[in-house]
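Asks: Below is the file target.cif, with mmCIF, C-alpha atoms (C1' of nucleotides).
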```cif
data_run
#
loop_
_atom_site.label_atom_id
_atom_site.label_comp_id
_atom_site.auth_asym_id
_atom_site.auth_seq_id
_atom_site.Cartn_x
_atom_site.Cartn_y
_atom_site.Cartn_z
CA MET A 14 34.51 -36.06 -19.38
CA SER A 15 33.48 -34.28 -22.54
CA VAL A 16 29.84 -34.43 -21.53
CA GLN A 17 30.49 -32.64 -18.27
CA GLU A 18 32.55 -30.06 -20.07
CA ARG A 19 29.73 -29.40 -22.49
CA LYS A 20 27.31 -28.97 -19.60
CA GLN A 21 29.63 -26.59 -17.83
CA ARG A 22 29.96 -24.57 -21.01
CA GLU A 23 26.22 -24.43 -21.51
CA ARG A 24 25.78 -23.40 -17.93
CA ALA A 25 28.29 -20.58 -18.33
CA ASP A 26 26.53 -19.49 -21.50
CA ARG A 27 23.23 -19.34 -19.69
CA GLU A 28 24.75 -17.32 -16.88
CA ARG A 29 26.03 -14.79 -19.40
CA LEU A 30 22.57 -14.75 -20.96
CA ILE A 31 21.01 -13.94 -17.61
CA VAL A 32 23.38 -11.04 -16.97
CA ALA A 33 23.04 -9.69 -20.51
CA THR A 34 19.26 -9.94 -20.40
CA ALA A 35 19.07 -8.27 -17.01
CA ARG A 36 21.24 -5.46 -18.28
CA GLN A 37 19.26 -5.00 -21.47
CA LEU A 38 15.99 -5.03 -19.58
CA ALA A 39 17.29 -2.51 -17.07
CA GLU A 40 18.54 -0.16 -19.78
CA GLN A 41 15.26 -0.39 -21.65
CA GLN A 42 12.72 -0.22 -18.84
CA GLY A 43 14.68 0.58 -15.69
CA TRP A 44 15.74 -1.69 -12.85
CA ASP A 45 12.24 -1.70 -11.39
CA ALA A 46 11.13 -3.70 -14.41
CA VAL A 47 13.82 -6.31 -13.82
CA THR A 48 11.71 -8.71 -11.79
CA THR A 49 12.75 -12.30 -11.39
CA ARG A 50 9.56 -13.35 -13.16
CA LEU A 51 10.09 -11.19 -16.22
CA LEU A 52 13.79 -11.99 -16.35
CA ALA A 53 13.03 -15.70 -16.19
CA GLU A 54 10.50 -15.36 -18.97
CA ARG A 55 12.97 -13.50 -21.18
CA ILE A 56 15.64 -16.17 -20.84
CA GLU A 57 12.93 -18.79 -21.39
CA TYR A 58 13.49 -20.62 -18.12
CA SER A 59 11.57 -20.66 -14.89
CA GLN A 60 12.40 -18.47 -11.92
CA PRO A 61 14.28 -21.05 -9.82
CA VAL A 62 16.89 -21.37 -12.56
CA LEU A 63 18.03 -17.84 -11.71
CA TYR A 64 18.68 -18.99 -8.18
CA SER A 65 20.84 -21.85 -9.33
CA HIS A 66 23.22 -19.22 -10.77
CA PHE A 67 22.87 -16.37 -8.29
CA ARG A 68 21.91 -16.14 -4.64
CA GLY A 69 19.31 -13.57 -5.49
CA LYS A 70 18.48 -10.44 -7.41
CA ARG A 71 21.19 -8.38 -5.74
CA GLU A 72 23.84 -10.76 -7.02
CA ILE A 73 22.51 -10.35 -10.54
CA ILE A 74 22.82 -6.60 -10.13
CA GLY A 75 26.33 -7.15 -8.84
CA ALA A 76 27.22 -9.18 -11.92
CA VAL A 77 25.99 -6.39 -14.19
CA ALA A 78 28.01 -3.93 -12.12
CA LEU A 79 31.21 -5.92 -12.56
CA GLU A 80 30.67 -6.17 -16.29
CA GLY A 81 30.07 -2.43 -16.36
CA ALA A 82 33.19 -1.69 -14.34
CA ALA A 83 35.32 -3.59 -16.82
CA GLU A 84 33.74 -1.67 -19.68
CA LEU A 85 34.18 1.64 -17.91
CA ALA A 86 37.86 0.94 -17.33
CA ALA A 87 38.34 0.05 -20.99
CA THR A 88 36.38 3.11 -22.11
CA LEU A 89 38.44 5.44 -19.97
CA ARG A 90 41.73 3.98 -21.19
CA ALA A 91 40.60 4.14 -24.79
CA ALA A 92 39.56 7.76 -24.41
CA THR A 93 42.84 8.89 -22.86
CA SER A 94 45.46 6.73 -24.55
CA THR A 95 45.51 8.58 -27.86
CA VAL A 96 45.39 12.08 -26.39
CA ALA A 97 48.57 14.10 -25.94
CA GLY A 98 49.00 16.65 -23.18
CA GLN A 99 47.90 16.43 -19.58
CA ARG A 100 45.10 18.91 -19.84
CA ALA A 101 43.53 17.36 -22.92
CA ARG A 102 43.90 13.93 -21.40
CA VAL A 103 42.14 14.84 -18.18
CA THR A 104 39.38 16.58 -20.11
CA ALA A 105 38.95 13.52 -22.30
CA LEU A 106 38.80 11.36 -19.19
CA ALA A 107 36.10 13.49 -17.58
CA ARG A 108 34.03 13.59 -20.75
CA ALA A 109 34.37 9.84 -21.25
CA TYR A 110 33.29 9.17 -17.67
CA LEU A 111 30.21 11.39 -17.85
CA ASP A 112 29.39 10.07 -21.27
CA PHE A 113 29.55 6.49 -20.04
CA ALA A 114 27.21 7.29 -17.16
CA GLU A 115 24.76 8.99 -19.49
CA ARG A 116 24.79 6.26 -22.10
CA ASN A 117 24.58 3.36 -19.64
CA PRO A 118 22.42 4.66 -16.81
CA ALA A 119 21.27 1.25 -15.63
CA VAL A 120 24.79 -0.12 -15.52
CA TYR A 121 25.98 3.00 -13.74
CA ASP A 122 23.21 2.56 -11.19
CA ALA A 123 24.17 -1.06 -10.69
CA MET A 124 27.73 0.01 -9.93
CA PHE A 125 27.19 2.98 -7.67
CA GLN A 126 23.57 3.52 -6.80
CA LEU A 127 22.04 0.11 -6.15
CA ASP A 128 23.03 -2.55 -3.72
CA GLY A 129 24.81 -5.23 -5.68
CA GLY A 130 26.46 -6.64 -2.59
CA LEU A 131 29.85 -5.41 -3.73
CA VAL A 132 32.71 -4.31 -1.50
CA PHE A 133 34.70 -1.19 -2.33
CA ALA A 134 37.89 0.44 -1.11
CA ASN A 135 38.99 -2.81 0.44
CA GLU A 136 41.53 -5.54 -0.20
CA ASP A 137 38.85 -7.99 -1.34
CA THR A 138 37.23 -5.58 -3.73
CA PRO A 139 36.54 -7.40 -7.01
CA GLU A 140 39.25 -6.91 -9.61
CA PRO A 141 37.17 -4.99 -12.21
CA LEU A 142 36.27 -2.35 -9.65
CA LYS A 143 39.86 -1.88 -8.56
CA ASP A 144 40.85 -1.72 -12.21
CA ALA A 145 38.30 0.98 -13.00
CA PHE A 146 39.74 3.08 -10.19
CA ALA A 147 43.21 2.31 -11.51
CA ALA A 148 42.17 3.61 -14.93
CA LEU A 149 41.19 6.89 -13.32
CA LEU A 150 44.40 6.99 -11.33
CA GLU A 151 46.54 6.53 -14.43
CA SER A 152 45.44 9.83 -15.91
CA LEU A 153 44.72 11.74 -12.73
CA GLY A 154 47.75 10.81 -10.65
CA GLU A 155 50.00 12.97 -12.78
CA VAL A 156 47.93 16.10 -12.20
CA ALA A 157 47.42 15.72 -8.46
CA GLY A 158 49.93 18.46 -7.73
CA ASP A 159 52.97 18.57 -5.48
CA GLY A 160 52.59 16.99 -2.08
CA VAL A 161 49.11 15.71 -2.80
CA HIS A 162 48.57 11.99 -2.57
CA PRO A 163 47.55 10.74 -6.05
CA GLY A 164 45.01 8.31 -4.61
CA LEU A 165 43.36 10.98 -2.51
CA PHE A 166 43.24 13.35 -5.46
CA THR A 167 41.72 10.66 -7.66
CA GLU A 168 39.08 9.96 -5.03
CA LEU A 169 38.10 13.62 -4.98
CA PHE A 170 38.04 13.95 -8.74
CA TRP A 171 36.03 10.76 -9.01
CA ALA A 172 33.55 11.97 -6.39
CA ALA A 173 33.07 15.20 -8.36
CA LEU A 174 32.47 13.26 -11.57
CA HIS A 175 30.09 10.94 -9.75
CA GLY A 176 28.17 13.87 -8.31
CA LEU A 177 27.88 15.50 -11.72
CA ALA A 178 26.80 12.23 -13.31
CA THR A 179 24.12 11.35 -10.78
CA LEU A 180 22.71 14.84 -10.24
CA THR A 181 22.53 15.50 -13.96
CA ARG A 182 20.83 12.23 -14.70
CA ALA A 183 18.34 12.68 -11.86
CA ARG A 184 17.56 16.08 -13.42
CA ARG A 185 18.88 17.86 -10.37
CA LEU A 186 21.29 19.83 -12.58
CA PRO A 187 20.47 21.44 -15.93
CA PRO A 188 22.04 19.29 -18.65
CA GLU A 189 22.69 22.11 -21.13
CA VAL A 190 25.79 23.37 -19.32
CA THR A 191 27.42 20.02 -18.64
CA GLU A 192 30.37 20.93 -20.84
CA GLN A 193 31.03 24.19 -18.99
CA ARG A 194 30.91 22.40 -15.64
CA THR A 195 33.32 19.78 -16.96
CA GLN A 196 35.74 22.45 -18.15
CA LEU A 197 35.57 24.23 -14.83
CA LEU A 198 36.15 20.97 -12.98
CA VAL A 199 39.29 20.20 -14.97
CA ASP A 200 40.57 23.78 -14.79
CA ARG A 201 40.23 24.03 -11.06
CA LEU A 202 40.92 20.56 -9.74
CA ALA A 203 43.84 19.48 -11.91
CA VAL A 204 47.28 20.99 -11.50
CA LEU A 205 48.54 21.33 -15.06
CA MET B 35 -17.07 26.89 11.64
CA SER B 36 -15.02 26.12 14.69
CA VAL B 37 -15.69 22.44 14.30
CA GLN B 38 -14.36 22.38 10.76
CA GLU B 39 -11.34 24.36 11.84
CA ARG B 40 -10.62 21.89 14.59
CA LYS B 41 -10.87 19.03 12.11
CA GLN B 42 -8.56 20.75 9.69
CA ARG B 43 -6.07 21.34 12.48
CA GLU B 44 -6.24 17.71 13.58
CA ARG B 45 -5.77 16.64 9.99
CA ALA B 46 -2.68 18.81 9.62
CA ASP B 47 -1.34 17.43 12.88
CA ARG B 48 -1.81 13.91 11.65
CA GLU B 49 -0.05 14.71 8.40
CA ARG B 50 2.93 16.02 10.33
CA LEU B 51 2.83 12.87 12.43
CA ILE B 52 2.98 10.72 9.32
CA VAL B 53 5.99 12.57 7.93
CA ALA B 54 7.81 12.62 11.26
CA THR B 55 7.14 8.93 11.83
CA ALA B 56 8.27 8.00 8.34
CA ARG B 57 11.46 9.97 8.84
CA GLN B 58 12.15 8.46 12.25
CA LEU B 59 11.49 4.97 10.96
CA ALA B 60 13.74 5.53 7.95
CA GLU B 61 16.60 6.86 10.08
CA GLN B 62 16.30 4.00 12.54
CA GLN B 63 15.77 1.05 10.21
CA GLY B 64 16.29 2.36 6.69
CA TRP B 65 13.75 3.25 4.01
CA ASP B 66 13.16 -0.42 3.22
CA ALA B 67 11.52 -0.76 6.61
CA VAL B 68 9.15 2.09 5.91
CA THR B 69 6.27 0.01 4.60
CA THR B 70 2.78 1.44 4.47
CA ARG B 71 1.66 -1.26 6.90
CA LEU B 72 4.30 -0.53 9.52
CA LEU B 73 3.92 3.20 9.10
CA ALA B 74 0.16 2.92 9.54
CA GLU B 75 0.63 0.85 12.66
CA ARG B 76 3.04 3.37 14.14
CA ILE B 77 0.64 6.27 13.68
CA GLU B 78 -2.15 4.05 15.02
CA TYR B 79 -4.34 4.31 11.95
CA SER B 80 -5.09 1.94 9.13
CA GLN B 81 -3.25 2.01 5.80
CA PRO B 82 -5.90 3.87 3.76
CA VAL B 83 -5.53 6.88 6.02
CA LEU B 84 -2.05 7.41 4.57
CA TYR B 85 -3.61 7.64 1.13
CA SER B 86 -6.03 10.32 2.25
CA HIS B 87 -2.99 12.53 2.94
CA PHE B 88 -0.58 11.44 0.21
CA ARG B 89 -0.97 9.91 -3.21
CA GLY B 90 1.39 7.13 -2.26
CA LYS B 91 4.65 6.23 -0.64
CA ARG B 92 6.72 8.36 -2.98
CA GLU B 93 4.87 11.47 -1.89
CA ILE B 94 5.64 10.65 1.72
CA ILE B 95 9.31 10.39 0.78
CA GLY B 96 8.94 13.72 -1.01
CA ALA B 97 7.50 15.32 2.11
CA VAL B 98 10.45 14.09 4.18
CA ALA B 99 12.77 15.44 1.50
CA LEU B 100 11.23 18.91 1.64
CA GLU B 101 11.49 18.95 5.42
CA GLY B 102 15.11 17.90 5.09
CA ALA B 103 15.87 20.56 2.50
CA ALA B 104 14.60 23.27 4.83
CA GLU B 105 16.77 21.89 7.62
CA LEU B 106 19.78 21.63 5.37
CA ALA B 107 19.40 25.24 4.30
CA ALA B 108 19.15 26.36 7.92
CA THR B 109 22.11 24.20 8.92
CA LEU B 110 24.30 25.61 6.17
CA ARG B 111 23.41 29.20 7.03
CA ALA B 112 24.00 28.60 10.71
CA ALA B 113 27.39 27.04 10.00
CA THR B 114 28.61 29.89 7.81
CA SER B 115 27.03 32.99 9.32
CA THR B 116 29.38 33.28 12.28
CA VAL B 117 32.57 32.51 10.39
CA ALA B 118 34.83 35.29 9.17
CA GLY B 119 36.94 34.99 6.05
CA GLN B 120 36.06 33.41 2.75
CA ARG B 121 38.24 30.37 3.10
CA ALA B 122 37.02 29.50 6.58
CA ARG B 123 33.45 30.08 5.50
CA VAL B 124 33.65 27.76 2.53
CA THR B 125 35.38 25.11 4.62
CA ALA B 126 32.66 25.41 7.25
CA LEU B 127 30.04 25.08 4.53
CA ALA B 128 31.58 21.93 3.11
CA ARG B 129 31.96 20.34 6.54
CA ALA B 130 28.39 21.25 7.48
CA TYR B 131 27.05 19.74 4.26
CA LEU B 132 28.94 16.47 4.63
CA ASP B 133 28.09 16.34 8.30
CA PHE B 134 24.39 16.77 7.54
CA ALA B 135 24.48 13.95 5.02
CA GLU B 136 26.24 11.68 7.47
CA ARG B 137 23.96 12.45 10.40
CA ASN B 138 20.72 12.27 8.41
CA PRO B 139 21.32 9.55 5.84
CA ALA B 140 17.66 8.69 5.36
CA VAL B 141 16.69 12.31 4.85
CA TYR B 142 19.61 12.80 2.47
CA ASP B 143 18.50 9.75 0.51
CA ALA B 144 14.96 11.10 0.35
CA MET B 145 16.29 14.33 -1.12
CA PHE B 146 18.80 13.08 -3.64
CA GLN B 147 18.79 9.31 -3.95
CA LEU B 148 15.19 8.16 -3.85
CA ASP B 149 12.32 9.11 -6.04
CA GLY B 150 10.17 11.50 -4.07
CA GLY B 151 8.49 12.82 -7.19
CA LEU B 152 10.23 16.19 -6.80
CA VAL B 153 11.27 18.53 -9.58
CA PHE B 154 14.65 20.23 -9.51
CA ALA B 155 16.39 22.96 -11.47
CA ASN B 156 13.08 24.24 -12.72
CA GLU B 157 10.76 27.17 -12.12
CA ASP B 158 8.24 25.02 -10.27
CA THR B 159 10.82 23.45 -8.01
CA PRO B 160 9.47 23.49 -4.45
CA GLU B 161 10.64 26.47 -2.41
CA PRO B 162 12.71 24.57 0.21
CA LEU B 163 14.81 22.99 -2.51
CA LYS B 164 15.48 26.29 -4.22
CA ASP B 165 16.31 27.76 -0.83
CA ALA B 166 18.80 25.04 -0.01
CA PHE B 167 20.59 25.77 -3.27
CA ALA B 168 20.41 29.47 -2.45
CA ALA B 169 22.10 28.78 0.89
CA LEU B 170 24.97 27.16 -0.97
CA LEU B 171 25.10 30.01 -3.45
CA GLU B 172 25.37 32.63 -0.71
CA SER B 173 28.72 31.33 0.47
CA LEU B 174 30.02 29.90 -2.79
CA GLY B 175 29.09 32.70 -5.19
CA GLU B 176 31.79 34.95 -3.76
CA VAL B 177 34.56 32.42 -4.42
CA ALA B 178 33.56 31.43 -7.95
CA GLY B 179 36.41 33.45 -9.43
CA ASP B 180 36.45 36.10 -12.14
CA GLY B 181 34.33 35.44 -15.19
CA VAL B 182 32.82 32.29 -13.74
CA HIS B 183 29.07 32.21 -13.37
CA PRO B 184 28.29 31.85 -9.63
CA GLY B 185 25.42 29.48 -10.29
CA LEU B 186 27.51 27.20 -12.44
CA PHE B 187 30.31 27.19 -9.88
CA THR B 188 27.85 26.39 -7.11
CA GLU B 189 26.48 23.50 -9.14
CA LEU B 190 29.95 22.07 -9.55
CA PHE B 191 30.87 22.50 -5.90
CA TRP B 192 27.57 20.98 -4.87
CA ALA B 193 28.08 18.02 -7.19
CA ALA B 194 31.50 17.40 -5.66
CA LEU B 195 30.04 17.52 -2.15
CA HIS B 196 27.23 15.24 -3.21
CA GLY B 197 29.67 12.76 -4.71
CA LEU B 198 31.79 12.75 -1.57
CA ALA B 199 28.72 12.33 0.63
CA THR B 200 27.18 9.46 -1.28
CA LEU B 201 30.35 7.56 -2.08
CA THR B 202 31.57 7.82 1.49
CA ARG B 203 28.30 6.67 2.96
CA ALA B 204 28.04 3.79 0.50
CA ARG B 205 31.54 2.79 1.67
CA ARG B 206 32.93 3.42 -1.78
CA LEU B 207 35.46 5.85 -0.29
CA PRO B 208 37.51 5.30 2.89
CA PRO B 209 36.01 7.53 5.59
CA GLU B 210 39.24 8.14 7.50
CA VAL B 211 40.52 10.76 5.08
CA THR B 212 37.29 12.70 4.63
CA GLU B 213 38.83 15.80 6.16
CA GLN B 214 41.80 15.77 3.79
CA ARG B 215 39.51 15.40 0.79
CA THR B 216 37.39 18.27 2.05
CA GLN B 217 40.46 20.49 2.46
CA LEU B 218 41.67 19.62 -1.02
CA LEU B 219 38.22 20.36 -2.45
CA VAL B 220 38.11 23.82 -0.91
CA ASP B 221 41.73 24.60 -1.80
CA ARG B 222 41.33 23.68 -5.43
CA LEU B 223 37.80 24.68 -6.35
CA ALA B 224 37.41 27.95 -4.52
CA VAL B 225 39.20 31.09 -5.67
CA LEU B 226 40.20 32.78 -2.44
"C1'" DC C 79 19.91 -52.75 -23.14
"C1'" DT C 80 18.02 -52.03 -18.92
"C1'" DC C 81 17.77 -49.86 -14.80
"C1'" DG C 82 18.91 -46.96 -10.59
"C1'" DG C 83 20.40 -42.59 -9.15
"C1'" DT C 84 21.77 -38.13 -9.79
"C1'" DT C 85 21.16 -33.85 -11.79
"C1'" DG C 86 18.30 -30.37 -13.58
"C1'" DT C 87 13.99 -28.05 -14.14
"C1'" DC C 88 9.32 -26.95 -13.19
"C1'" DT C 89 4.85 -26.02 -10.76
"C1'" DA C 90 2.92 -24.18 -6.99
"C1'" DG C 91 2.97 -21.47 -3.13
"C1'" DC C 92 4.73 -18.59 1.05
"C1'" DG C 93 5.02 -14.22 3.14
"C1'" DG C 94 5.75 -9.81 1.91
"C1'" DT C 95 4.83 -5.22 -0.88
"C1'" DG C 96 1.92 -0.80 -2.49
"C1'" DC C 97 -2.50 0.30 -3.11
"C1'" DT C 98 -7.88 0.40 -3.20
"C1'" DA C 99 -13.05 -0.97 -3.39
"C1'" DG C 100 -16.73 -1.14 -0.69
"C1'" DA C 101 -18.82 -1.61 3.88
"C1'" DC C 102 -19.49 0.63 7.95
"C1'" DT C 103 -19.54 4.14 11.79
"C1'" DC C 104 -20.24 8.38 13.61
"C1'" DC C 105 -21.48 12.99 13.88
"C1'" DA C 106 -23.32 17.73 12.23
"C1'" DA C 107 -27.06 19.94 10.34
"C1'" DT C 108 -31.81 19.79 9.60
"C1'" DA D 218 -34.96 12.01 15.87
"C1'" DT D 219 -33.41 11.59 11.07
"C1'" DT D 220 -30.40 11.67 7.53
"C1'" DG D 221 -26.58 12.66 4.51
"C1'" DG D 222 -21.86 12.85 4.14
"C1'" DA D 223 -17.31 12.60 5.86
"C1'" DG D 224 -14.02 9.58 7.75
"C1'" DT D 225 -12.23 5.12 8.74
"C1'" DC D 226 -11.73 0.24 8.47
"C1'" DT D 227 -11.67 -4.61 6.77
"C1'" DA D 228 -10.57 -7.34 3.21
"C1'" DG D 229 -8.45 -8.24 -0.86
"C1'" DC D 230 -6.00 -7.42 -5.54
"C1'" DA D 231 -1.89 -7.89 -8.23
"C1'" DC D 232 2.60 -7.95 -7.78
"C1'" DC D 233 7.28 -8.83 -5.55
"C1'" DG D 234 11.63 -12.05 -4.10
"C1'" DC D 235 12.33 -16.48 -3.04
"C1'" DT D 236 11.88 -21.76 -2.23
"C1'" DA D 237 10.00 -26.64 -1.20
"C1'" DG D 238 8.95 -30.55 -3.30
"C1'" DA D 239 7.35 -33.05 -7.40
"C1'" DC D 240 8.86 -34.55 -11.63
"C1'" DA D 241 11.61 -35.52 -15.91
"C1'" DA D 242 15.79 -36.38 -18.31
"C1'" DC D 243 19.98 -38.22 -18.70
"C1'" DC D 244 24.49 -40.68 -17.33
"C1'" DG D 245 27.04 -44.65 -15.82
"C1'" DA D 246 26.96 -49.39 -14.00
"C1'" DG D 247 25.68 -54.12 -14.56
#
```
Would you write the structure of this file as structure tokens?
Replies:
Amino acid sequence: MSVQERKQRERADRERLIVATARQLAEQQGWDAVTTRLLAERIEYSQPVLYSHFRGKREIIGAVALEGAAELAATLRAATSTVAGQRARVTALARAYLDFAERNPAVYDAMFQLDGGLVFANEDTPEPLKDAFAALLESLGEVAGDGVHPGLFTELFWAALHGLATLTRARRLPPEVTEQRTQLLVDRLAVL
Amino acid sequence: MSVQERKQRERADRERLIVATARQLAEQQGWDAVTTRLLAERIEYSQPVLYSHFRGKREIIGAVALEGAAELAATLRAATSTVAGQRARVTALARAYLDFAERNPAVYDAMFQLDGGLVFANEDTPEPLKDAFAALLESLGEVAGDGVHPGLFTELFWAALHGLATLTRARRLPPEVTEQRTQLLVDRLAVL
DNA sequence: CTCGGTTGTCTAGCGGTGCTAGACTCCAAT
DNA sequence: ATTGGAGTCTAGCACCGCTAGACAACCGAG
């Protein structure tokens, strides 16, 4: 049995290598550069090996997205856990979110811009995605205001953050005043 | 001279045909289906003709985006011009924006999601794009609140609308409660 | 220790993409 | 009527995601 276990372990290692390499490649040269040929070359296997792990390129993107969602959730919790006061906590959350999107553009794209074959807002949404939303909800639910559904409020706040993140990164919004926009967002949307 | 004028006119007509066909094709079957081969077939010319009008596919997307921006600006002005009262006007604006994105997903993608080679937030931003932002500013500037820069406020409100539009259409947000989210957005962000 | 069979990997190639070089046609001006 | 240039087309390049089928490597049975 030990032989099979070793093979399974090696296989799992290789799968992680594929995802990590795809992510690295995407962050360095953009998702367009992540071709199955180049990816295969980087992991030092031939193309068909990729298809023995994933159904296709979209599933590889999906795997990167899930990894990113877990990181985002952890990042948000880390940024808010040590901060006292609702206002400061929400501000820290917003900054952490926008910062994550700016520092990991390819991962952010995999999660929200590209088609990774993932299902959202649904009972069979993958756990990391639900958890990332939960991380938002933890800080935002308490500032939703009276009579406002915390989930609905979180959705709105999230959408605003997402809009800021994508439009800024696509150079549709001037990046110099990001901080002012963030302040305004927190001031207006949150009930403190 | 009349011959050259006729040729120029025919050329301009054909260019409009290309853009209109690309848009129609994208709305019907998605941008993935807009291949240069299929597009050429639809306009009943060969592929190279496309490249005598545009540098490449991205420029065709850009042309659709500009057309869409002009329409969006007109739509927003039409939706707000007849409405009395700041609150009602801003609500009408938000609904019109989200409605436009939902009814013209391919055009919306061309403007904000895909790479159409366009420049934003810049002095040499194409006129229709600046005008679309101006249309937002006209209704939103008056509800920015004291001491808040109208342009900055409009950017934030726009980002929130954009986030709602994209996340809803990508099925990242449940569509049933769009109206509630819109109401909450207007209530919180606008100073009435 | 040999041998069959399974499991894993590779080479080669299919049908598609955006884009373009070079041949050709057709027509306006001489 | 001739000719030069504008306009269009055919054919093909290099690349894409993906896969069939050949081949090698290894495990377990005799």
Asks: Give me, as number ranges by chain, the contact residues of chain A against chain C at a cut-off of 10 Å, counting all atoms listed in the file.
Replies: A: 58-62, 65
Asks: May I ask for the distance between CA of Leu63 in chain A and CA of Asp122 in chain A, given in Å to one decimal place?
Replies: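 Between CA of Leu63 in chain A and CA of Asp122 in chain A the gap works out to 21.1 Å.
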Asks: Enclose the full set of atoms of range 228-245 of chain D listed in the file within a box whose edges lie along x, y and z, apply 6 Å of padding to each of the six sides, and report centre and edge lengths in Å to one decimal as AutoDock Vina command-line options.
Replies:
```
--center_x 8.2 --center_y -26.0 --center_z -7.7 --size_x 49.6 --size_y 49.3 --size_z 33.9
```
Asks: Here's the selection I'm unsure about, the PyMOL selection byres ((chain A and resi 48) around 12); applied to the file above, which residues does it give, as an MDAnalysis selection string?
Replies: (chainID A and resid 34:36 38:39 42:47 49:55 60 63 69:71 73:74) or (chainID D and resid 232:235)
Asks: Compute the chain A side of the contact with chain B at 7 Å, counting all atoms listed in the file, and hand it back as an mmCIF file with C-alpha atoms, keeping the file's coordinate frame.
Replies:
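And here's iface25.cif as it stands now:
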```
data_model
loop_
_atom_site.group_PDB
_atom_site.id
_atom_site.type_symbol
_atom_site.label_atom_id
_atom_site.label_comp_id
_atom_site.auth_asym_id
_atom_site.auth_seq_id
_atom_site.Cartn_x
_atom_site.Cartn_y
_atom_site.Cartn_z
ATOM 1 C CA PHE A 133 34.700 -1.190 -2.330
ATOM 2 C CA ALA A 134 37.890 0.440 -1.110
ATOM 3 C CA LEU A 165 43.360 10.980 -2.510
ATOM 4 C CA LEU A 169 38.100 13.620 -4.980
ATOM 5 C CA ALA A 172 33.550 11.970 -6.390
ATOM 6 C CA ALA A 173 33.070 15.200 -8.360
ATOM 7 C CA HIS A 175 30.090 10.940 -9.750
ATOM 8 C CA GLY A 176 28.170 13.870 -8.310
ATOM 9 C CA LEU A 177 27.880 15.500 -11.720
ATOM 10 C CA LEU A 180 22.710 14.840 -10.240
ATOM 11 C CA ARG A 184 17.560 16.080 -13.420
ATOM 12 C CA ARG A 185 18.880 17.860 -10.370
ATOM 13 C CA LEU A 186 21.290 19.830 -12.580
ATOM 14 C CA PRO A 187 20.470 21.440 -15.930
ATOM 15 C CA ARG A 194 30.910 22.400 -15.640
ATOM 16 C CA ARG A 201 40.230 24.030 -11.060
ATOM 17 C CA LEU A 202 40.920 20.560 -9.740
#
```
Asks: Have a look at CA of Gly98 in chain A and CA of Leu205 in chain A and let me know their distance in Å, one decimal.
Replies: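 Going from CA of Gly98 in chain A over to CA of Leu205 in chain A, I get 9.4 Å.
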Asks: Hey, can you check how far CA of Glu176 in chain B sits from CA of Thr109 in chain B?
Replies: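 For CA of Glu176 in chain B relative to CA of Thr109 in chain B, the distance reads 19.2 Å.
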Asks: For chain D, report every residue with an atom at most 12 Å from chain B (counting only C-alpha atoms (C1' of nucleotides)), formatted as a list in words.
Replies: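 The contacting residues on chain D are DA223, DG224, DT225, DC226 and DT227 of chain D.
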Asks: Run through the PyMOL selection byres ((chain B and resi 130) around 9) on the given coordinates and return the selected residues as a ChimeraX atom specification.
Replies: /B:106,109-110,113-114,125-129,131-135
Asks: Rebuild range 47-56 of chain A to N, CA and C atoms - output it as a PDB file, in the frame of the given file, please.
Replies:
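rebuild_3.pdb, written as the output of this step:
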```
ATOM      1  N   VAL A  47      13.060  -5.067 -13.850  1.00  0.00           N
ATOM      2  CA  VAL A  47      13.820  -6.310 -13.820  1.00  0.00           C
ATOM      3  C   VAL A  47      13.343  -7.150 -12.632  1.00  0.00           C
ATOM      4  N   THR A  48      12.206  -7.803 -12.809  1.00  0.00           N
ATOM      5  CA  THR A  48      11.710  -8.710 -11.790  1.00  0.00           C
ATOM      6  C   THR A  48      12.200 -10.112 -12.133  1.00  0.00           C
ATOM      7  N   THR A  49      12.271 -10.940 -11.129  1.00  0.00           N
ATOM      8  CA  THR A  49      12.750 -12.300 -11.390  1.00  0.00           C
ATOM      9  C   THR A  49      11.800 -13.029 -12.346  1.00  0.00           C
ATOM     10  N   ARG A  50      10.522 -12.708 -12.264  1.00  0.00           N
ATOM     11  CA  ARG A  50       9.560 -13.350 -13.160  1.00  0.00           C
ATOM     12  C   ARG A  50       9.786 -12.960 -14.617  1.00  0.00           C
ATOM     13  N   LEU A  51       9.901 -11.648 -14.845  1.00  0.00           N
ATOM     14  CA  LEU A  51      10.090 -11.190 -16.220  1.00  0.00           C
ATOM     15  C   LEU A  51      11.433 -11.650 -16.767  1.00  0.00           C
ATOM     16  N   LEU A  52      12.457 -11.560 -15.922  1.00  0.00           N
ATOM     17  CA  LEU A  52      13.790 -11.990 -16.350  1.00  0.00           C
ATOM     18  C   LEU A  52      13.787 -13.465 -16.728  1.00  0.00           C
ATOM     19  N   ALA A  53      13.117 -14.266 -15.904  1.00  0.00           N
ATOM     20  CA  ALA A  53      13.030 -15.700 -16.190  1.00  0.00           C
ATOM     21  C   ALA A  53      12.313 -15.941 -17.520  1.00  0.00           C
ATOM     22  N   GLU A  54      11.251 -15.197 -17.732  1.00  0.00           N
ATOM     23  CA  GLU A  54      10.500 -15.360 -18.970  1.00  0.00           C
ATOM     24  C   GLU A  54      11.355 -15.021 -20.184  1.00  0.00           C
ATOM     25  N   ARG A  55      12.137 -13.932 -20.068  1.00  0.00           N
ATOM     26  CA  ARG A  55      12.970 -13.500 -21.180  1.00  0.00           C
ATOM     27  C   ARG A  55      14.042 -14.522 -21.548  1.00  0.00           C
ATOM     28  N   ILE A  56      14.606 -15.164 -20.537  1.00  0.00           N
ATOM     29  CA  ILE A  56      15.640 -16.170 -20.840  1.00  0.00           C
ATOM     30  C   ILE A  56      14.997 -17.530 -21.136  1.00  0.00           C
TER      31      ILE A  56
END
```
